[in-house]
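For reference, the structure discussed in these notes is given below.
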4 protein chains.
Amino acid sequence: MLNDDAPEPRSGDAGGLTGRIASGPDPLLRAEVLEPQLRFEIEALLPGYVQLEKVLLLEYRRLGLLDGAQVGAIATLLDQVTPASIAEEAGESMSDMAFTLERYVSRRLAEVPPAWHVDRSRNDLQATAQLMYGRARLLDSAEALLAFGRTAHRLAGRSADLPMPGYTHMQPAQVISPGFYFAGVCDQVLHTLERLEAVYRTAGASPMGAGAMAGQELPWDRARMARLLGFPHVRTHALRAVAQRDWALEACAEFSMLGVALSRFATDLMTWGGAGCGFVDLPDHWSGISSAMPQKKNFPVLERIRARTAHLSAAYTDIAIGQRNTPYSNSVEVSKEANAGVPAAFDTLASVLRLFGAVLENLRFREDRMRDACSAEYLGGFTLANLLTLRAGVPWRTAQVVAGRYIVRAVERGLPPAEPDGPLLEALLAKEGHRTGDAVALLTEAMGLPGGLTAKRSDGSAHPDAVRALLAEQGCAFDEVAERWQARRTGVAEAAAALDRLLAGPEGRQ
Amino acid sequence: MLNDDAPEPRSGDAGGLTGRIASGPDPLLRAEVLEPQLRFEIEALLPGYVQLEKVLLLEYRRLGLLDGAQVGAIATLLDQVTPASIAEEAGESMSDMAFTLERYVSRRLAEVPPAWHVDRSRNDLQATAQLMYGRARLLDSAEALLAFGRTAHRLAGRSADLPMPGYTHMQPAQVISPGFYFAGVCDQVLHTLERLEAVYRTAGASPMGAGAMAGQELPWDRARMARLLGFPHVRTHALRAVAQRDWALEACAEFSMLGVALSRFATDLMTWGGAGCGFVDLPDHWSGISSAMPQKKNFPVLERIRARTAHLSAAYTDIAIGQRNTPYSNSVEVSKEANAGVPAAFDTLASVLRLFGAVLENLRFREDRMRDACSAEYLGGFTLANLLTLRAGVPWRTAQVVAGRYIVRAVERGLPPAEPDGPLLEALLAKEGHRTGDAVALLTEAMGLPGGLTAKRSDGSAHPDAVRALLAEQGCAFDEVAERWQARRTGVAEAAAALDRLLAGPEGRQ
Amino acid sequence: MLNDDAPEPRSGDAGGLTGRIASGPDPLLRAEVLEPQLRFEIEALLPGYVQLEKVLLLEYRRLGLLDGAQVGAIATLLDQVTPASIAEEAGESMSDMAFTLERYVSRRLAEVPPAWHVDRSRNDLQATAQLMYGRARLLDSAEALLAFGRTAHRLAGRSADLPMPGYTHMQPAQVISPGFYFAGVCDQVLHTLERLEAVYRTAGASPMGAGAMAGQELPWDRARMARLLGFPHVRTHALRAVAQRDWALEACAEFSMLGVALSRFATDLMTWGGAGCGFVDLPDHWSGISSAMPQKKNFPVLERIRARTAHLSAAYTDIAIGQRNTPYSNSVEVSKEANAGVPAAFDTLASVLRLFGAVLENLRFREDRMRDACSAEYLGGFTLANLLTLRAGVPWRTAQVVAGRYIVRAVERGLPPAEPDGPLLEALLAKEGHRTGDAVALLTEAMGLPGGLTAKRSDGSAHPDAVRALLAEQGCAFDEVAERWQARRTGVAEAAAALDRLLAGPEGRQ
Amino acid sequence: MLNDDAPEPRSGDAGGLTGRIASGPDPLLRAEVLEPQLRFEIEALLPGYVQLEKVLLLEYRRLGLLDGAQVGAIATLLDQVTPASIAEEAGESMSDMAFTLERYVSRRLAEVPPAWHVDRSRNDLQATAQLMYGRARLLDSAEALLAFGRTAHRLAGRSADLPMPGYTHMQPAQVISPGFYFAGVCDQVLHTLERLEAVYRTAGASPMGAGAMAGQELPWDRARMARLLGFPHVRTHALRAVAQRDWALEACAEFSMLGVALSRFATDLMTWGGAGCGFVDLPDHWSGISSAMPQKKNFPVLERIRARTAHLSAAYTDIAIGQRNTPYSNSVEVSKEANAGVPAAFDTLASVLRLFGAVLENLRFREDRMRDACSAEYLGGFTLANLLTLRAGVPWRTAQVVAGRYIVRAVERGLPPAEPDGPLLEALLAKEGHRTGDAVALLTEAMGLPGGLTAKRSDGSAHPDAVRALLAEQGCAFDEVAERWQARRTGVAEAAAALDRLLAGPEGRQ
């Protein structure tokens, strides 16, 4: 079944396949649709198509429809295929990849074996070739994300002891550290990596052998074909195998969600590098300048990163709405046009991760400014209230009120947090009927640096030890996930190698 | 830390918590923001908040900060809380849920234990309460999807032998059956159910104990708290635990993708029920009528279903873009407003599944029309070409051409597919230098019904046996997935029961 | 033609309208679809439906199909209709609004005039009633936006002389003023108000008289009906009149774009109110507090505003994708379900504008901090370079370099901008072969405040005079646009009054 | 002010502009960001930049800062600029377009005039150059849409008398004609063309002279600059002039909405060309074939068109969400990256319109099938009920019931609509207490073709005369709108010519 938007090639001798369509595609159709499609396929799908043809050769051999010599002749020609030769072959008739490969081989064979191509459809072939492309890009995406995560991980390891203000509602709230923050980034990355495994699982089910929509008429061994193509599973249901491109939809959904998270990380870096903070810096070759403010450097690369993540969400929108309300069947609409933006989505993700990784690689902390910012703010109010309750038995709600009042008064008096006013605290406590014998010590403990970081004791807190413990776990997790992704990559490569071995042996050309 | 958009309640006696803010919320703020928020929380989050308070009681007891009597007194009051009493308590001060609960209990206690509420934040509390809500709705969603899938499965089982035309590009292409089609629907449903498990895994990591953003200062046992709340994991990193609502984003992404698939299934049902097909019917109480065309029935419910799925994709857009470019921190923006549409997304999904399930439950096939439509079309052209190659040794490409020409000529002559013209086929073959001794038999085999269905032999094909085999597998898969979801639901309920037991015992009020 | 998803009512005596559908709607269909729809229509569309029925009465009279007494009897009943009575009437049969009104009237008439309801469709009726609703909401939206704009305008007028840093790339760049900034907000608002006029123009074309899809059979006077309904135009093409809801799509597109702009304004306010700036403040009843940082106030209302604007873009997505790939015809899909979120979009816009307006109303500037921030930064580097070129003839590129070097050296030496170092500037110039006799004067002019504001001379600049000139223009523009919107509102009201007068007179009931 | 993401070029001799940034851009930054950006700008923005430089020359001359000879020397060099020479110039330093042009000219001048480039910003320059690009593409888009509309208009004119079934809810409802349908398409196109004028109005306000964000320091004549650039207006407010790219946002919104409408038209063509209808055909060079169904032709081009319209809505999403939550200021984010997809959106629109126009150009109607489909259905039920009321005085509701019953009985008996059964109608009427003396005549009038079309009498109906009247109006409207768009194009061209004349004269180089 040839239900593609590329009409079949006119064979010079026979006046076309069925005589039903008497003329080639309109030049406008060629220019707007067919040529861009084929250019993309030659660039992206050709290796998959060749591998598929080899698998089909093995199946025809197994089914007794081709003999070893026939298999050998065709396989030899398939191994000679190059993008350039295929482009040339296609140029004359502007058909699709399957036909072009058939023509390429047929014209170079002394005799075309009668049963070659029997009981085949372009639908499952195309779905599978696209999936092989998607699989390769998913492997690359996971690798890129892993590299980004490792970069964040190293950065976190270097900066777990540097105090800096953490913000809520744009206001300094608690002392954190870059190490703590970037451990959070790592956590997000690991989460996405895990979810990408589910997408890869979707991409692991081979459509091959599904035919056009209803299955095929010869006893094709779908499990074997899947194995030879490096797919762990078969997408059994024939219609679902050709009607859907879930892997692309799910990949774009994942990228969109990752993009949302990355846009937030970029926002924080912008704030940290912006006016009023100045906590981070980038070297000159990653910065922009402004002639109006020559003492300042801008970090437009962060704006690029942030805005590029928007393309990821738009790409998801594109593929999702392009599929809506279409028949659940193989169609040009779903199999090609709705997916047209998917390669660009992969590219955008890769670009975002490369740029963001380079930013993290190059990020320098201005420790003095971070420390000053912590010292300038009463970030220990919460700790003070805790201490009043736990050490001096002040009821919690009262402790909160007193801590608040202390800070308000101290700020009014221009006292920095590092200069505790014991009598003031005692006076405020007394008004509520409480006292602590050791006001200065409590204040020092609550407000002093680096007490801010070490006051936290819970798992997953900003305490440097807690951060380091989490980073150690994350390091293992990165190793494990890296191993799994590497194994997937190896599996794909090994399947291709095994396929060539089979073709060379008694099940193939011998 | 109270970093919410609900200002703290003014306590009548003390002039407010910190003296910092001297007046209650503006009436406009109340009406537009605070009241709707609290109404939602009372309706949706109250049970979670109560359960959380109980867990905190156990922790305070474990930490030696409350004694059994204090725990008992508070637990007793918590058990008396009702939506109405909380609404009344909140009405006066329009604060958030955590404060309202605190006030409710405090005003009814003879003495508020000093350390109750020490070292607590509203941020992780709120994140956890929302997660408990989301978890419950995910459980319901999975159940609803499972029920829909089972309905499709039953329908498929009843209709695997009915031939009907399958369409590609809106044209009849191959013989399929409703059973085959709905087995594809089941496959999609099972796929989504599996992916929902990943979302539920995201929703299985407890934020409790993360504090405001940087962790907490007492040695809270985060793993124990998670267990008591029925969460299998801890979301360790404190910032990530409160800055994200991944579960909601991921749930909406999943619903969006499911919605895309459902919109396509609904499209096919519309086509089947529409003019020119008339393959399916719905009973009167599921149909609309048209006075202009009284002999026709409309199926507006399909339009409702299809358009409602659009809301699911819009809900994903809403939550995703509401989070973009915000700081990675706890915020009203991400934790409340960006999620504001999530409950409606759950409702929409439930409604779509209920309506679509009812449609499948009530769907009737007009077997005669389906069969007639198959008979009227030359759906066996592909089979004929296969047979010419496999039985008569005609080279595949030639076989395709000849099969095509045969059909074109037969259609020109007005021959129906069921009336084979053996001499015509032989004549066409002869022109290409081939012959088959048995043209009529080949034609009959290729074009006859129900040969269309049984001609397919591959796994996952439309052959009734293949469909039944797949349905059997799917039946098992539904059972397994149902069991897993049921176990999750049970786990949540058991945790709540265990919590109450603990509270009643020596680790609690004794 | 009754092509709605509400089946027709069962008339008790006759066993249903056509005998074609034998049973009422399924309870699930009622609960999920019909009841919510009718509830909405009673709340939102009833006045429009009643007005439409009156117009139809006048047309039936004009066509000689009803006499004055018949018109009078029906009109009297229509004037008695209330939401409650219609809800009661509907309750029994759960039909749509048109039927319910017909029933309500018919059951109260001694005799139903035979020709009442002849040649009518529910399709154009519903399209028109929805349009009347949309028109009213557009009028309210324009008014709300106007009020918001006026608030920004007043704020701008009060603050055109206050210097503050303007930021690009998160870095202080040039001196601006709040007045300048909010004049920009006004400009955006005026732009949107102008674009809303185009949407209102779309909403000004009456579908009435289009029938079901192909037009009607009596010589209805569509222009007169439009006039009586307060529509300036007729949507002539019958199919387009009922197949589209452009006004809703276009309104949501406009709100989405406005939302994008408002999200950016909110972002700036967040920055100005956030750490490191502290330029603006809100009174307590518009603020949130944080117990951890009692000296700080949060402004969560800004987060609410910003995140709510995301709902506006999501609403556009919803209606747009709900319509995609549907037939171009009247359908439940496009006419009802795809539009289901439109009322909420109007509500959200109103809420955002009310909240944002209140924020602007309550915004206080911390002039000292704004001034200090200007003084702390070398915002006059660009001016200095200009002066070097224009006063001292230094080539522009060299002037830029020298100005930059001066600032870098001055910052290194810890010099504030207000302390010019003439010799340094001369030395740097000398190295490039230039001199200015008056380095201190140039530096003072370039770096001094409020020179920053008055250095700008172009139209539309931050110079207070330029701002005031622009504000004066904007004031006029607001007046003009307000007048136009008021005229539209008046026009609608006058049409309704004229309709009642006509009904009372010789063309109506007399 | 150089607040771009392209760092300034290192000038070989001077060690860089300010000494602040010591190294060129990182190779990754070049590859991922700078080179693609500059490639795009050279391809798309160069002519605008050159024209802008010429306008600036005239202003410098007017301000007395350059003399005629200086202007002449620079203008001569500007006229020699080519994409290739600029690409070469840029290659070394990878800066932005403004710098590259400056360098290109400076290196070829004997002496660079000191004041050339004084008081300039890259921000308004870039905003204006982009706007000139956008303006050109808007002109092309309007032209393409106009051409598409004219094609639909011609098609409508040829087919206003051909009866075909019109569908609601996928069921045949009333008789319409292709002419009627495509007049609706024309109406939609005219509507969008009118709305595009509003977008062009947005694009007609010149940002030039706004400076970096706060305005400029010399008395630039912004109105004159606008005029010389062919802009009818000035975007006065300086910040708004550089902070926004409304034209791009609004253009994409418009394309998105047009895309939604086009997707619906494509859906109808798919239905008409699909199984069960077969009303339309395309010639072979616009069709696809299927070897499985050789007698069928597919129309994949319709799927391409429909799915491509999804890209238009995704492009709107992209630009809208890329801008959300960014500062309202000039930024790389809003001015470049968020807009990155806009050129592709213009391309997609052009492609969709070309392809869809070609489809309409090539569309052939199968009149016999359309007529047969009308004859096979009782499309005149509504007319019959009308006639019963108007001719025989049967109350409307009863007339509806009787018409419905008649059709149900007739269908049961297998009567085609063209064979009226007078006694049956009378019998049904009698049961309700009515009669008409002329049942057969009424039935013939109601059910006969082409009565279906001519039964409609209202303005805008499917009656061929009404269609022709509307088409005549639309023809005038197309002419008028074409004239307006042509005038805009001419205005732009004339401004460029006038600019060159001025440059050659006493205000320029003389």
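As shown in the structure tokens, the chain order sets the letters A, B, ...; within each chain, residues go from 1, and ligands are also counted from 1 in the order they appear.
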Chain D near chain C within 7 Å: what's each residue's closest atom pair and its distance in Å to one decimal, counting only C-alpha atoms, ordered by chain then ascending residue number, as CSV?
residue,atom,partner,partner_atom,distance
D:Leu17,CA,C:Val401,CA,5.1
D:Thr18,CA,C:Val401,CA,4.6
D:Gly19,CA,C:Arg405,CA,6.9
D:Pro114,CA,C:Pro395,CA,3.7
D:Ala115,CA,C:Trp396,CA,5.7
D:Trp116,CA,C:Trp396,CA,6.8
D:His117,CA,C:Trp396,CA,6.4
D:Val118,CA,C:Trp396,CA,5.6
D:Asp119,CA,C:Asn386,CA,5.9
D:Thr168,CA,C:Ser329,CA,6.0
D:His169,CA,C:Ser331,CA,6.1
D:Gln174,CA,C:Ala214,CA,6.8
D:Ile176,CA,C:Ala214,CA,6.3
D:Gly184,CA,C:Arg240,CA,5.7
D:Ala214,CA,C:Ala462,CA,5.1
D:Gly215,CA,C:Ser461,CA,4.0
D:Gln216,CA,C:Lys456,CA,5.1
D:Glu217,CA,C:Lys456,CA,4.4
D:Leu218,CA,C:Arg457,CA,6.1
D:Pro219,CA,C:Ser458,CA,5.6
D:Trp220,CA,C:Ser458,CA,6.2
D:Thr236,CA,C:Gly460,CA,4.7
D:His237,CA,C:Gly460,CA,4.3
D:Ala238,CA,C:Gly460,CA,5.2
D:Leu239,CA,C:Gly184,CA,6.6
D:Arg240,CA,C:Gly184,CA,5.7
D:Ala253,CA,C:Ala253,CA,6.6
D:Val260,CA,C:Arg324,CA,5.2
D:Ser263,CA,C:Asn325,CA,5.1
D:Arg264,CA,C:Asn325,CA,4.9
D:Phe265,CA,C:Tyr328,CA,6.2
D:Thr267,CA,C:Asn325,CA,5.7
D:Asp268,CA,C:Pro327,CA,5.6
D:Ala320,CA,C:Val260,CA,6.6
D:Gln323,CA,C:Val260,CA,6.7
D:Arg324,CA,C:Val260,CA,5.2
D:Asn325,CA,C:Arg264,CA,4.9
D:Thr326,CA,C:Arg264,CA,5.3
D:Pro327,CA,C:Arg264,CA,5.3
D:Tyr328,CA,C:Arg264,CA,5.3
D:Ser329,CA,C:Thr168,CA,6.0
D:Asn330,CA,C:Thr168,CA,6.2
D:Ser331,CA,C:His169,CA,6.0
D:Asn386,CA,C:Asp119,CA,5.9
D:Thr389,CA,C:Ala115,CA,6.2
D:Gly393,CA,C:Pro114,CA,6.6
D:Val394,CA,C:Pro114,CA,6.3
D:Pro395,CA,C:Pro114,CA,3.6
D:Trp396,CA,C:Pro114,CA,5.5
D:Val401,CA,C:Thr18,CA,4.7
D:Gly404,CA,C:Thr18,CA,5.2
D:Arg405,CA,C:Thr18,CA,5.8
D:Ala455,CA,C:Glu217,CA,5.8
D:Lys456,CA,C:Glu217,CA,4.4
D:Arg457,CA,C:Glu217,CA,5.0
D:Ser458,CA,C:Gln216,CA,5.3
D:Asp459,CA,C:Thr236,CA,6.4
D:Gly460,CA,C:His237,CA,4.3
D:Ser461,CA,C:Gly215,CA,4.0
D:Ala462,CA,C:Ala214,CA,5.1
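The strand (DSSP E) portion of region 273-431 of chain C consists of Val280, Asp281, Gly288, Ile289, Lys297, Asn298, Arg364 and Phe365 of chain C, with states taken from DSSP on the backbone.
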TODO: Identify all residues of region 249-416 of chain C in alpha helix (DSSP H) (DSSP on the backbone) and supply them as a PyMOL selection string.
DONE: chain C and resi 249-273+300-323+332+342-362+367-376+381-392+396-412
Task: For Phe346 (chain B): contacts at 10 Å, only C-alpha atoms, fewer than 2 positions along chain excluded, given as a PyMOL selection string - done: chain B and resi 134+137-138+140-141+251-252+255+312+315+341-344+348-352
Please produce a file of the residues just selected, as a CSV table (one decimal), in the first residue's frame, where the atoms kept are C-alpha atoms.
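Saved file selection-v9.csv follows:
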chain,number,residue,atom,x,y,z
B,134,GLY,CA,-3.6,15.1,43.6
B,137,ARG,CA,-7.5,12.3,42.0
B,138,LEU,CA,-4.9,10.3,40.2
B,140,ASP,CA,-9.7,8.1,40.6
B,141,SER,CA,-8.4,9.0,37.1
B,251,ALA,CA,-0.7,14.7,35.1
B,252,CYS,CA,-1.9,17.5,32.8
B,255,PHE,CA,-4.2,14.0,30.1
B,312,LEU,CA,-7.2,18.9,28.5
B,315,ALA,CA,-5.0,22.9,30.9
B,341,GLY,CA,-7.0,24.8,36.6
B,342,VAL,CA,-5.8,21.4,37.7
B,343,PRO,CA,-9.0,20.4,39.5
B,344,ALA,CA,-11.0,21.3,36.4
B,348,THR,CA,-12.9,17.2,32.5
B,349,LEU,CA,-11.0,14.0,32.1
B,350,ALA,CA,-13.5,12.2,34.3
B,351,SER,CA,-16.4,13.6,32.3
B,352,VAL,CA,-14.8,12.7,29.0
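For the atom pair formed by CA of Asp96 (chain C) and CA of Ile74 (chain C), the distance is 19.2 Å, given to one decimal.
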Please provide the set of residues having any atom within 10 Å of region 44-54 of chain D, restricted to only C-alpha atoms, with same-chain residues fewer than 5 positions apart removed, written as a compact mmCIF listing (two decimals) with C-alpha atoms, in the first residue's frame.
# COMPACT_ATOMS: atom_id res chain seq x y z
CA LEU D 38 23.70 37.23 11.83
CA ARG D 39 22.95 34.90 8.94
CA GLU D 59 19.41 63.57 10.24
CA TYR D 60 23.09 64.11 11.04
CA VAL D 71 27.18 62.24 3.86
CA ILE D 74 29.14 57.28 3.47
CA ALA D 75 26.06 57.04 1.28
CA LEU D 78 26.20 52.13 1.78
CA ASP D 79 25.00 51.73 -1.79
CA VAL D 81 26.90 47.00 0.46
CA THR D 82 25.92 43.48 -0.49
CA PRO D 83 25.00 40.49 1.62
CA ILE D 86 28.66 42.21 4.88
CA MET D 97 24.56 44.11 11.99
CA ALA D 98 24.89 47.71 13.18
CA LEU D 101 27.88 48.09 8.82
CA GLU D 102 29.79 50.70 10.81
CA HIS D 117 27.13 57.56 15.18
CA LEU D 125 17.70 50.55 15.09
CA GLN D 126 17.10 46.88 15.48
CA THR D 128 12.99 49.37 13.20
CA ALA D 129 14.90 47.05 10.90
CA GLN D 130 12.83 44.12 12.14
CA LEU D 131 9.70 46.13 11.61
CA MET D 132 10.69 46.89 8.03
CA TYR D 133 11.16 43.18 7.49
CA GLY D 134 7.81 42.44 9.12
CA MET D 208 13.23 55.10 15.20
CA MET D 225 12.58 59.74 10.09
CA LEU D 228 11.54 58.68 5.19
CA LEU D 229 11.23 55.06 6.21
CA PRO D 343 9.92 34.12 9.67
CA ALA D 496 12.69 54.58 -0.27
CA LEU D 499 15.01 58.97 0.57
CA ASP D 500 17.52 58.40 -2.19
CA LEU D 502 16.90 63.57 -0.67
CA LEU D 503 20.29 62.02 -0.15
CA GLY D 508 21.96 65.19 1.60
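Closest approach to Gly475 (chain D) among D:Ala203, D:Gly451, D:Val492, D:Leu190 is made by D:Leu190 (distances from only C-alpha atoms).
By chain and then residue number, the residues within 10 Å of Gly422 (chain C) are C:Tyr406, C:Glu419, C:Leu425, C:Glu426, C:Ala427, C:Thr436, C:Gly437, C:Asp438, C:Ala439, C:Val440, C:Ala441, C:Leu442, C:Leu443, C:Thr444, counting only C-alpha atoms and disregarding those fewer than 3 positions away in sequence.
Proximity of B:Ala31, B:Ala482, B:Ala84, B:Cys374 to Leu193 (chain B), computed with only C-alpha atoms, is greatest for B:Ala482.
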TODO: Extract, using only C-alpha atoms, all DNA, RNA and protein residues at most 12 Å from region 411-413 of chain A, discarding same-chain residues fewer than 2 positions from it, and format them as JSON, numbers by chain.
DONE: {"A": [376, 377, 378, 404, 405, 406, 407, 408, 409, 415, 416, 417, 418, 419, 420, 421, 424], "C": [293, 294, 295, 296]}
